[in-house]
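First comes the structure, then the notes that go with it.
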Protein chains: 2
Amino acid sequence: MRTYLDCIPCFFRQALDAARMAGAGEETQKKILDELSGLIPRIPLTASPPEIGRDIYGLVRKISGKEDPFEEIKQSSNKLALALYPKLKEKVNNSTDRLLTAIELAIAGNVIDYGVKNALNIEKEIKEIFAEDAQIIKEESRAIFDYEKFKEALKGADEILYLADNAGEVVFDKILIEELVRKRRRQIIYVVKDSPVINDALIEDAIACGIDEYAQIVSSGSDAPGTALRFCSPEFLKLYENSEMIISKGQGNFEALSEENKTIFFLFKVKCPVIGKDIKGNLGDVVLKSNLKKLLRGI
Amino acid sequence: MRTYLDCIPCFFRQALDAARMAGAGEETQKKILDELSGLIPRIPLTASPPEIGRDIYGLVRKISGKEDPFEEIKQSSNKLALALYPKLKEKVNNSTDRLLTAIELAIAGNVIDYGVKNALNIEKEIKEIFAEDAQIIKEESRAIFDYEKFKEALKGADEILYLADNAGEVVFDKILIEELVRKRRRQIIYVVKDSPVINDALIEDAIACGIDEYAQIVSSGSDAPGTALRFCSPEFLKLYENSEMIISKGQGNFEALSEENKTIFFLFKVKCPVIGKDIKGNLGDVVLKSNLKKLLRGI
């Protein structure tokens, strides 16, 4: 997905939020916004938002001097999500369609996103997932839900590249990965960011949440808040090129890869009006979106 | 009120909205945001938001070539509000406290603000004012409501400087002005912006809404979206200095004058989280705020 002009005010908001999270004083916050202003005229709108996001969060790190402003938040998200694990597992065990429930939980876990929300919203949304008798995802909020295509693609997939999004959310991913390998031996490659950006999962988060039990954990080689291929390592790009099926979590990965001609399934919650418009959905919608049409057009 | 760093993302959003309202294509919109980026490092945070707003809307006019992007909207707001006039008047006539009801309506009319809302919101909010049996302003949404102080100040005021905000809203102001002059001969000076900025009322709007029947209409000499004194004309400043009591409508005028040592009553709806924080209120709250404390501190 390209960068829209509506992303520009949001870049400033994100920079300000991250600067504050980094403990920067007002003067340093202003300096960060001033530097970002200098970047704006050089932004090519053909770039995807995570490509720009990489510069923004890089600026915050450089000017604030804080390498990982979201470190504590990531640790507490992991802890919170791990405590939820038995309940999540119970949901799947009690389900008549285990895979569907696991997918729904993996998408629900995508609320743990500090690029767009704060801690209070996240706790509230997680509580809602577990409200008595609550359906995990309401029918009407499924903007796009290519579940049949997903099952079809899964049949032929012995190896899955799973692109992670946020810390904490990793536990919800584990629930889905467990279903992917339950009846069939599959190689799962779980891809995390190379170095800190927002609350995106790093190798240590994947390990803290126990993903290594089921999957090989690899770094994308990039610190963009989304798998922007031009910043990824040659090692990751080789895995990517050879992949049979990709599960891509979160808005950032969708923004980075939505135009790709690959078998990608995007799982995310719509938390940004620009993406909502791009996919013709609404804020709060959940998305399981296949890229297969793009693939066929590409042939 | 000073400019907060949170205003900066909002400046970009406002510039983009105004550029689109001016019919600018995407390339021109981007050019406007690029030019605004150039201004950011030069913004002194001690300036009030309307002082910066003046530059922003000036940029949009200069680059888009459209002198008054909100012209049609202003005309239709005037028309819409004039059609509501008999109903507004009826509310006052049926009230046990005519002045209070007129003040409430004057604040309610402040929803007609295209700096923060779009046409759809505004029509909806106006409909709510006239909902069957609806109280105009709910008790719990009165963040600050210095009605007693207002009545007290009114006792001594033979002349009132009334700082207008938006087109359309002028009709709601007329309702209040009619009460101000109903039992006592008072000179009302109704102050509008000098040239187009957002949908702020100009002389032609004041005349279209019939303010000239009760008040002398004067220009502030400025095109800032709020009465920023350093951009006002010497003629206006003389009126301002000599004024006994000022009624100031809208957020922009509050931002510009909140630190002044004058008998000012600010009437507005909180439509911006930064102002909400500044006055310790919430979005949607209504405010009738006296500056008298500041005045006493100043003595």
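Each chain in the structure tokens gets a letter, A, B, ..., in the order shown, and its residues are numbered from 1; ligands are numbered from 1 in order too.
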Residues of chain A were defined as contacting chain B if any atom lay at most 8 Å from it, counting only C-alpha atoms; please report them as an MDAnalysis selection string. chainID A and resid 5:6 8:13 16 29:31 33:34 37:38 40:41
With only C-alpha atoms as the counted atoms, please give the residues lying no more than 8 Å from stretch 60-73 of chain A, apart from itself and same-chain residues fewer than 3 positions off, as an NGL selection string. :A and (15 or 18-19 or 21-24 or 28 or 31-32 or 56-57 or 76-77 or 196-199)
Go ahead and dump the residues you just picked, N, CA and C atoms, as an mmCIF file, in the first residue's frame.
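After the write, selection.cif holds the following:
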data_model
loop_
_atom_site.group_PDB
_atom_site.id
_atom_site.type_symbol
_atom_site.label_atom_id
_atom_site.label_comp_id
_atom_site.auth_asym_id
_atom_site.auth_seq_id
_atom_site.Cartn_x
_atom_site.Cartn_y
_atom_site.Cartn_z
ATOM 1 N N ALA A 15 5.315 10.104 15.947
ATOM 2 C CA ALA A 15 6.625 10.565 16.400
ATOM 3 C C ALA A 15 6.512 11.161 17.806
ATOM 4 N N ALA A 18 5.898 8.394 20.373
ATOM 5 C CA ALA A 18 7.111 7.607 20.618
ATOM 6 C C ALA A 18 8.143 8.425 21.385
ATOM 7 N N ALA A 19 8.220 9.724 21.073
ATOM 8 C CA ALA A 19 9.166 10.594 21.787
ATOM 9 C C ALA A 19 8.808 10.635 23.271
ATOM 10 N N MET A 21 7.082 8.355 24.873
ATOM 11 C CA MET A 21 7.343 7.021 25.409
ATOM 12 C C MET A 21 8.832 6.864 25.732
ATOM 13 N N ALA A 22 9.673 7.547 24.945
ATOM 14 C CA ALA A 22 11.119 7.481 25.167
ATOM 15 C C ALA A 22 11.554 8.388 26.317
ATOM 16 N N GLY A 23 10.592 9.069 26.930
ATOM 17 C CA GLY A 23 10.910 9.929 28.067
ATOM 18 C C GLY A 23 11.535 11.251 27.672
ATOM 19 N N ALA A 24 11.411 11.628 26.400
ATOM 20 C CA ALA A 24 12.000 12.889 25.938
ATOM 21 C C ALA A 24 11.252 14.068 26.540
ATOM 22 N N THR A 28 13.144 18.201 23.414
ATOM 23 C CA THR A 28 13.577 17.094 22.563
ATOM 24 C C THR A 28 12.429 16.620 21.672
ATOM 25 N N LYS A 31 12.254 18.925 18.841
ATOM 26 C CA LYS A 31 13.375 18.695 17.932
ATOM 27 C C LYS A 31 13.055 17.508 17.002
ATOM 28 N N ILE A 32 12.445 16.484 17.576
ATOM 29 C CA ILE A 32 12.073 15.313 16.776
ATOM 30 C C ILE A 32 11.044 15.701 15.709
ATOM 31 N N ILE A 56 10.985 7.461 10.801
ATOM 32 C CA ILE A 56 10.421 8.199 11.939
ATOM 33 C C ILE A 56 10.913 7.616 13.263
ATOM 34 N N TYR A 57 10.757 6.301 13.421
ATOM 35 C CA TYR A 57 11.158 5.695 14.693
ATOM 36 C C TYR A 57 12.680 5.718 14.847
ATOM 37 N N SER A 76 5.697 -6.349 29.456
ATOM 38 C CA SER A 76 4.436 -6.535 30.190
ATOM 39 C C SER A 76 3.351 -7.097 29.270
ATOM 40 N N SER A 77 3.409 -6.779 27.982
ATOM 41 C CA SER A 77 2.455 -7.385 27.033
ATOM 42 C C SER A 77 2.664 -8.892 26.953
ATOM 43 N N PRO A 196 14.633 -2.850 17.659
ATOM 44 C CA PRO A 196 13.404 -2.269 18.199
ATOM 45 C C PRO A 196 12.712 -1.264 17.290
ATOM 46 N N VAL A 197 11.429 -1.424 17.088
ATOM 47 C CA VAL A 197 10.581 -0.411 16.466
ATOM 48 C C VAL A 197 9.170 -0.571 17.057
ATOM 49 N N ILE A 198 8.652 0.518 17.619
ATOM 50 C CA ILE A 198 7.397 0.506 18.400
ATOM 51 C C ILE A 198 7.426 -0.709 19.329
ATOM 52 N N ASN A 199 6.264 -1.401 19.432
ATOM 53 C CA ASN A 199 6.252 -2.596 20.288
ATOM 54 C C ASN A 199 6.305 -3.871 19.462
#
So which bits of stretch 54-162 of chain A end up alpha helix (DSSP H) when you DSSP the backbone, as a ChimeraX atom specification? /A:54-64,71-93,98-108,119-129,147-155
Would you mind telling me which residue in A:Glu125, A:Asp165, A:Asp285, A:Asp278 lies nearest to A:Arg2 when using only C-alpha atoms? A:Asp278
Please run DSSP on the backbone and report, as a VMD selection string, all residues within stretch 16-257 of chain B that come out as strand (DSSP E). chain B and resid 142 to 145 159 to 163 187 to 192 216 to 219 245 to 249
Mind checking which residues fall within 6 Å of stretch 248-250 of chain B, counting only C-alpha atoms, ignoring those fewer than 4 positions away in the same chain, and posting them as number ranges by chain? B: 163-165, 265-268
Pull all heavy atoms from the residues just selected and write them as a compact mmCIF listing (two decimals), in the first residue's frame.
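Okay, selection_8.txt is ready:
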# COMPACT_ATOMS: atom_id res chain seq x y z
N LEU B 163 -17.16 38.97 20.14
CA LEU B 163 -16.24 38.43 19.14
C LEU B 163 -16.85 37.20 18.49
O LEU B 163 -17.04 36.16 19.12
CB LEU B 163 -14.91 38.05 19.78
CG LEU B 163 -14.23 39.14 20.64
CD1 LEU B 163 -12.93 38.60 21.25
CD2 LEU B 163 -13.97 40.39 19.82
N ALA B 164 -17.18 37.33 17.20
CA ALA B 164 -17.86 36.25 16.48
C ALA B 164 -16.91 35.10 16.19
O ALA B 164 -15.69 35.25 16.21
CB ALA B 164 -18.43 36.79 15.17
N ASP B 165 -17.48 33.94 15.90
CA ASP B 165 -16.67 32.82 15.45
C ASP B 165 -17.06 32.46 14.01
O ASP B 165 -16.54 33.06 13.07
CB ASP B 165 -16.80 31.64 16.41
CG ASP B 165 -15.79 30.53 16.13
OD1 ASP B 165 -14.91 30.76 15.27
OD2 ASP B 165 -15.86 29.45 16.73
N PHE B 265 -15.81 36.79 28.68
CA PHE B 265 -16.53 35.53 28.88
C PHE B 265 -16.37 34.71 27.61
O PHE B 265 -16.75 35.15 26.54
CB PHE B 265 -18.00 35.78 29.21
CG PHE B 265 -18.18 36.32 30.60
CD1 PHE B 265 -18.12 37.69 30.83
CD2 PHE B 265 -18.35 35.46 31.68
CE1 PHE B 265 -18.25 38.20 32.12
CE2 PHE B 265 -18.48 35.96 32.97
CZ PHE B 265 -18.42 37.33 33.19
N PHE B 266 -15.79 33.54 27.80
CA PHE B 266 -15.55 32.66 26.66
C PHE B 266 -16.71 31.67 26.54
O PHE B 266 -17.01 30.95 27.51
CB PHE B 266 -14.24 31.89 26.83
CG PHE B 266 -13.03 32.77 26.87
CD1 PHE B 266 -12.40 33.08 28.07
CD2 PHE B 266 -12.53 33.33 25.70
CE1 PHE B 266 -11.29 33.91 28.11
CE2 PHE B 266 -11.41 34.17 25.73
CZ PHE B 266 -10.79 34.46 26.93
N LEU B 267 -17.35 31.65 25.41
CA LEU B 267 -18.46 30.71 25.17
C LEU B 267 -18.04 29.78 24.04
O LEU B 267 -17.83 30.23 22.90
CB LEU B 267 -19.73 31.46 24.72
CG LEU B 267 -20.60 32.13 25.78
CD1 LEU B 267 -19.88 33.27 26.44
CD2 LEU B 267 -21.90 32.63 25.13
N PHE B 268 -17.90 28.50 24.33
CA PHE B 268 -17.55 27.57 23.24
C PHE B 268 -17.84 26.13 23.62
O PHE B 268 -18.12 25.82 24.77
CB PHE B 268 -16.08 27.72 22.83
CG PHE B 268 -15.07 27.44 23.92
CD1 PHE B 268 -14.53 26.17 24.08
CD2 PHE B 268 -14.63 28.45 24.78
CE1 PHE B 268 -13.59 25.91 25.06
CE2 PHE B 268 -13.69 28.20 25.77
CZ PHE B 268 -13.16 26.93 25.91
